[in-house]
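Structure file my_file-v7.txt (compact mmCIF, C-alpha atoms) is printed below.
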# COMPACT_ATOMS: atom_id res chain seq x y z
CA MET X 1 -75.30 67.45 -65.41
CA ASP X 2 -74.00 69.08 -62.25
CA THR X 3 -73.36 72.76 -61.50
CA ARG X 4 -69.73 72.98 -62.66
CA PHE X 5 -70.57 74.80 -65.90
CA THR X 6 -72.85 77.37 -64.28
CA VAL X 7 -70.31 78.01 -61.52
CA ALA X 8 -67.47 78.26 -64.07
CA ALA X 9 -69.51 80.72 -66.16
CA HIS X 10 -70.12 82.73 -62.98
CA VAL X 11 -66.38 82.75 -62.23
CA LEU X 12 -65.41 83.92 -65.72
CA GLY X 13 -68.20 86.50 -65.86
CA TYR X 14 -67.12 87.85 -62.48
CA LEU X 15 -63.45 87.94 -63.51
CA ALA X 16 -64.43 89.78 -66.71
CA TRP X 17 -66.47 92.31 -64.76
CA GLN X 18 -63.72 92.83 -62.16
CA GLY X 19 -61.20 93.30 -64.98
CA GLU X 20 -63.46 96.04 -66.41
CA GLN X 21 -63.36 97.68 -62.97
CA GLY X 22 -59.55 97.69 -63.03
CA VAL X 23 -59.11 94.79 -60.60
CA GLU X 24 -56.23 92.66 -61.86
CA TRP X 25 -56.34 89.65 -59.51
CA VAL X 26 -59.43 88.23 -57.75
CA SER X 27 -58.96 85.90 -54.77
CA SER X 28 -60.66 82.52 -54.52
CA ASP X 29 -62.23 83.75 -51.26
CA GLU X 30 -63.89 86.64 -53.10
CA LEU X 31 -65.03 84.31 -55.89
CA GLY X 32 -66.42 81.94 -53.26
CA ARG X 33 -68.42 84.77 -51.68
CA SER X 34 -69.77 85.81 -55.08
CA ILE X 35 -70.80 82.24 -55.90
CA ASN X 36 -71.85 81.46 -52.32
CA THR X 37 -69.62 78.42 -52.06
CA HIS X 38 -66.44 77.47 -50.22
CA SER X 39 -63.17 78.72 -51.69
CA VAL X 40 -61.81 75.14 -51.78
CA VAL X 41 -64.55 74.22 -54.28
CA VAL X 42 -63.68 77.34 -56.27
CA ARG X 43 -59.98 76.46 -56.32
CA ARG X 44 -60.72 73.00 -57.75
CA LEU X 45 -62.71 74.61 -60.54
CA LEU X 46 -60.02 77.26 -61.10
CA THR X 47 -57.52 74.45 -61.67
CA GLN X 48 -59.67 73.09 -64.52
CA LEU X 49 -60.10 76.56 -66.02
CA GLN X 50 -56.36 77.20 -65.81
CA LYS X 51 -55.52 73.88 -67.49
CA ALA X 52 -57.87 74.87 -70.32
CA GLY X 53 -56.00 78.17 -70.74
CA LEU X 54 -59.00 80.30 -69.79
CA ILE X 55 -57.56 81.88 -66.64
CA GLU X 56 -54.22 82.63 -65.04
CA THR X 57 -53.59 82.23 -61.34
CA ARG X 58 -50.98 83.67 -59.02
CA ARG X 59 -50.27 82.53 -55.47
CA GLY X 60 -49.69 84.73 -52.48
CA ALA X 61 -51.34 87.60 -50.66
CA SER X 62 -51.54 89.74 -53.80
CA GLY X 63 -52.43 86.78 -56.00
CA GLY X 64 -55.67 85.39 -57.30
CA SER X 65 -57.14 84.68 -60.70
CA ARG X 66 -57.76 86.66 -63.87
CA LEU X 67 -58.78 85.92 -67.44
CA ALA X 68 -55.94 84.52 -69.55
CA ARG X 69 -57.13 86.48 -72.58
CA ALA X 70 -59.72 89.09 -73.45
CA ALA X 71 -63.27 88.23 -72.36
CA SER X 72 -64.37 88.74 -75.96
CA ALA X 73 -61.96 85.97 -77.04
CA ILE X 74 -63.31 83.36 -74.61
CA HIS X 75 -66.59 81.65 -75.46
CA LEU X 76 -68.94 79.80 -73.15
CA GLY X 77 -68.45 76.65 -75.23
CA GLU X 78 -64.79 76.62 -74.15
CA VAL X 79 -65.89 77.00 -70.54
CA PHE X 80 -68.32 74.10 -70.91
CA ASP X 81 -65.64 71.90 -72.48
CA ALA X 82 -63.18 72.80 -69.71
CA VAL X 83 -65.36 71.66 -66.83
CA VAL X 84 -67.84 69.11 -68.19
CA GLU X 85 -66.48 65.68 -69.02
CA SER X 86 -66.52 64.93 -72.73
CA GLY X 87 -69.52 62.86 -73.77
CA THR X 88 -71.60 63.92 -70.77
CA SER X 89 -75.26 64.26 -71.70
CA LEU X 90 -77.34 67.13 -70.38
CA ILE X 91 -80.13 64.69 -69.61
CA SER X 92 -79.79 61.48 -67.64
CA PHE X 93 -81.50 58.22 -68.43
CA PRO X 94 -82.43 55.49 -65.97
CA ARG X 95 -80.20 52.46 -66.04
CA GLU X 96 -81.09 49.84 -68.62
CA VAL X 97 -83.81 47.40 -67.61
CA GLU X 98 -85.30 44.39 -69.37
CA ARG X 99 -88.45 45.39 -71.24
CA ASP X 100 -89.86 42.02 -72.31
CA GLU X 101 -93.40 43.21 -71.75
CA CYS X 102 -93.40 46.38 -73.92
CA GLN X 103 -92.14 46.54 -77.48
CA VAL X 104 -92.57 50.34 -77.56
CA GLY X 105 -90.58 50.82 -74.37
CA GLU X 106 -87.70 48.94 -75.94
CA HIS X 107 -87.17 51.72 -78.50
CA ILE X 108 -88.17 54.92 -76.71
CA GLU X 109 -84.78 55.54 -75.12
CA ALA X 110 -82.86 55.09 -78.39
CA VAL X 111 -85.09 57.56 -80.23
CA LEU X 112 -85.09 59.98 -77.31
CA ARG X 113 -81.28 59.89 -77.23
CA GLU X 114 -81.24 60.97 -80.90
CA VAL X 115 -83.62 63.86 -80.24
CA ILE X 116 -81.62 64.96 -77.20
CA ALA X 117 -78.33 64.71 -79.12
CA GLU X 118 -79.72 67.18 -81.69
CA ALA X 119 -80.84 69.57 -78.93
CA GLU X 120 -77.46 69.32 -77.23
CA ALA X 121 -75.71 70.14 -80.52
CA VAL X 122 -77.76 73.35 -80.77
CA PHE X 123 -77.00 74.13 -77.11
CA ARG X 124 -73.27 73.70 -77.65
CA ARG X 125 -73.34 75.82 -80.84
CA ASN X 126 -75.04 78.63 -78.92
CA LEU X 127 -72.44 78.45 -76.16
CA GLY X 128 -69.73 78.62 -78.80
CA ARG X 129 -71.22 81.84 -80.18
CA THR X 130 -71.52 83.64 -76.84
CA SER X 131 -68.36 85.26 -75.50
CA VAL X 132 -67.68 85.81 -71.82
CA ALA X 133 -67.75 89.56 -72.57
CA GLU X 134 -71.25 89.28 -74.04
CA PHE X 135 -72.38 87.08 -71.15
CA SER X 136 -70.98 89.51 -68.59
CA GLN X 137 -72.66 92.45 -70.35
CA MET X 138 -75.99 90.57 -70.38
CA VAL X 139 -75.71 90.18 -66.60
CA VAL X 140 -75.01 93.92 -66.20
CA ASN X 141 -77.93 94.79 -68.49
CA ARG X 142 -80.23 92.58 -66.44
CA MET X 143 -79.09 94.22 -63.20
CA ILE X 144 -79.74 97.66 -64.67
CA LYS X 145 -83.15 96.61 -66.00
CA LEU X 146 -84.12 95.30 -62.56
CA GLY X 147 -82.97 98.51 -60.90
CA ILE X 148 -80.19 96.79 -58.99
CA CYS X 149 -77.66 99.05 -60.60
CA CYS X 150 -78.86 102.10 -62.38
CA PRO X 151 -76.08 104.37 -63.66
CA SER X 152 -77.95 107.49 -62.55
CA GLU X 153 -78.34 106.18 -58.99
CA GLU X 154 -74.92 104.57 -58.65
CA GLU X 155 -73.12 107.59 -57.23
CA SER X 156 -75.77 108.06 -54.54
CA ARG X 157 -75.20 104.54 -53.19
CA PRO X 158 -72.85 104.01 -50.24
CA ALA X 159 -69.28 103.18 -51.25
CA ALA X 160 -69.58 99.64 -49.84
CA ALA X 161 -72.63 98.99 -52.04
CA ARG X 162 -71.00 100.55 -55.13
CA LYS X 163 -67.96 98.30 -54.71
CA HIS X 164 -69.86 95.31 -56.10
CA LEU X 165 -71.91 97.08 -58.77
CA PRO X 166 -70.93 97.50 -62.39
CA SER X 167 -70.21 100.96 -63.74
CA VAL X 168 -71.15 100.18 -67.32
CA ARG X 169 -74.34 101.16 -69.06
CA PRO X 170 -76.63 98.87 -71.06
CA VAL X 171 -75.62 97.62 -74.45
CA GLU X 172 -78.10 97.63 -77.28
CA GLN X 173 -78.18 94.01 -78.41
CA SER X 174 -79.19 93.01 -81.90
CA LYS X 175 -78.85 89.75 -83.74
CA THR X 176 -76.92 89.71 -86.98
CA SER X 177 -77.97 87.45 -89.82
CA SER X 178 -75.45 84.87 -88.62
CA GLY X 179 -77.09 84.80 -85.17
CA SER X 180 -74.22 86.36 -83.24
CA ARG X 181 -74.89 89.28 -80.92
CA LYS X 182 -73.50 92.70 -81.67
CA GLY X 183 -73.67 95.70 -79.40
CA LYS X 184 -72.12 99.00 -78.50
CA THR X 185 -71.17 99.71 -74.92
CA THR X 186 -71.68 103.19 -73.59
CA ARG X 187 -69.53 104.24 -70.72
Would you mind writing the file out in structure tokens?
Amino acid sequence: MDTRFTVAAHVLGYLAWQGEQGVEWVSSDELGRSINTHSVVVRRLLTQLQKAGLIETRRGASGGSRLARAASAIHLGEVFDAVVESGTSLISFPREVERDECQVGEHIEAVLREVIAEAEAVFRRNLGRTSVAEFSQMVVNRMIKLGICCPSEEESRPAAARKHLPSVRPVEQSKTSSGSRKGKTTR
């Protein structure tokens, strides 16, 4: 699997965070800087996300991209499906070769494919349970935990540094019996 899903998750998480900051439209240049990739690559990915109904785009100097619906209503499974070709396995296998010499080797790949298919099903279910809002909040919580953005220190940072830091506080995360995450944001 390539990096399209991780980059797409980055894009949607960043758009969610910018939306929380009151920024309506985010340019592909800004997204490219955040992801550390060329804006042309970002625009190709944005096209896929737009076709999937996850984002809206607007051309022009005041244009850019934004989430098409609330971050809490978009799940990472939708993001995965939007950018990863259907049927793509997370793990690659070498091309088929004749295995006349080893009877065990003949069957390893088939069994391994079954095991991997089960693991991929769990992976996809977990993506389907995690919203972009939850994902974005997890990123913010990690930044706060690492001291990159501590609410008490935020105001003492230079304006240029504050521009790219979240202004939200950590969310207490707890698992419900169904496995979904619940939390309360403090602002």
Using all atoms listed in the file, what table do you get, as a tab-separated table, when you list each residue of stretch 44-113 of chain X with an atom no more than 9 Å from stretch 123-139 of chain X, its nearest pair of atoms, and their distance in Å rounded to one decimal, rows by chain then rising number?
residue	atom	partner	partner_atom	distance
X:Ala70	CA	X:Ala133	CA	8.1
X:Ala71	CA	X:Ala133	CA	4.7
X:Ser72	CA	X:Ala133	CA	4.9
X:Ala73	CA	X:Ser131	CA	6.6
X:Ile74	CA	X:Ser131	CA	5.5
X:His75	CA	X:Ser131	CA	4.0
X:Leu76	CA	X:Leu127	CA	4.8
X:Gly77	CA	X:Gly128	CA	4.3
X:Glu78	CA	X:Gly128	CA	7.1
X:Val79	CA	X:Leu127	CA	8.8
X:Phe80	CA	X:Leu127	CA	8.0
- Task: Compute the distance from (-69.1, 92.6, -67.0) to each atom, counting all atoms listed in the file, keep the residues with any atom at most 7 Å away, and return them as an MDAnalysis selection string; use the coordinates of the file.
- Result: chainID X and resid 13:14 16:17 20 133 136:137 140 166
- Query: Do you know which residues are at most 9 Å from X:Arg69 counting only C-alpha atoms, after dropping those on the same chain fewer than 5 positions away, and could you put them as a list of chain:residue names?
  - Reply: X:Gly53, X:Leu54, X:Ile55, X:Glu56, X:Ile74
- Can you pull out every residue within 12 Å of X:Glu30, counting all atoms listed in the file, but drop anything in the same chain fewer than 3 positions away, and send it as a list of chain:residue names? X:Val11, X:Tyr14, X:Leu15, X:Gln18, X:Trp25, X:Val26, X:Ser27, X:Arg33, X:Ser34, X:Ile35, X:Asn36, X:Thr37, X:His38, X:Ser39, X:Val40, X:Val42, X:Arg43, X:Gly63, X:Gly64, X:Ser65, X:His164
- Using all atoms listed in the file, pick whichever of X:Thr57, X:Ser89, X:Ser28, X:Thr47 has the shortest atom-to-atom distance to X:Glu118.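 Closest candidate: X:Ser89.
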- Task: Scan for residues within 12 Å of the point (-75.7, 68.2, -62.5) in the coordinates of the file, using all atoms listed in the file, and reply as an NGL selection string.
- Result: :X and (1-7 or 83-85 or 88-92)
- Figure out the distance between atom CA of X:Leu45 and atom CA of X:Arg58, please, to one decimal in Å.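 Computing it gives 14.9 Å between the two atoms.
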With 5 Å of padding per side, what axis-aligned box (centre and edge lengths, Å, one decimal) covers all the listed atoms of stretch 32-51 of chain X? Give it as JSON.
{"center_x": -63.7, "center_y": 79.4, "center_z": -58.9, "size_x": 26.3, "size_y": 22.8, "size_z": 27.3}
- Message: Which residue is closest to X:Lys51? Choose from X:Ala121, X:Ala68, X:Ile116, X:Phe93 and count all atoms listed in the file.
- Response: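 Distance minimum relative to X:Lys51 lands on X:Ala68.
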- Item | Separation of atom CA of X:Gly32 from atom CA of X:His10, in Å and rounded to one decimal | 10.4 Å
- Task: Work out how far apart atom CA of X:Gln21 and atom CA of X:Asn141 are and give it in Å to one decimal.
- Result: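 Interatomic distance, atom CA of X:Gln21 to atom CA of X:Asn141: 15.8 Å.
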- From X:Cys149, X:Ile144, X:Leu12, X:Ala119, residue lying nearest X:Leu31 [all atoms listed in the file]: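 Among the listed residues, X:Leu12 lies closest to X:Leu31.
Each of X:Val104, X:Met143, X:Leu112, X:Ala8 was checked against X:Asp81 using all atoms listed in the file; the smallest atom-to-atom distance is that of X:Ala8.
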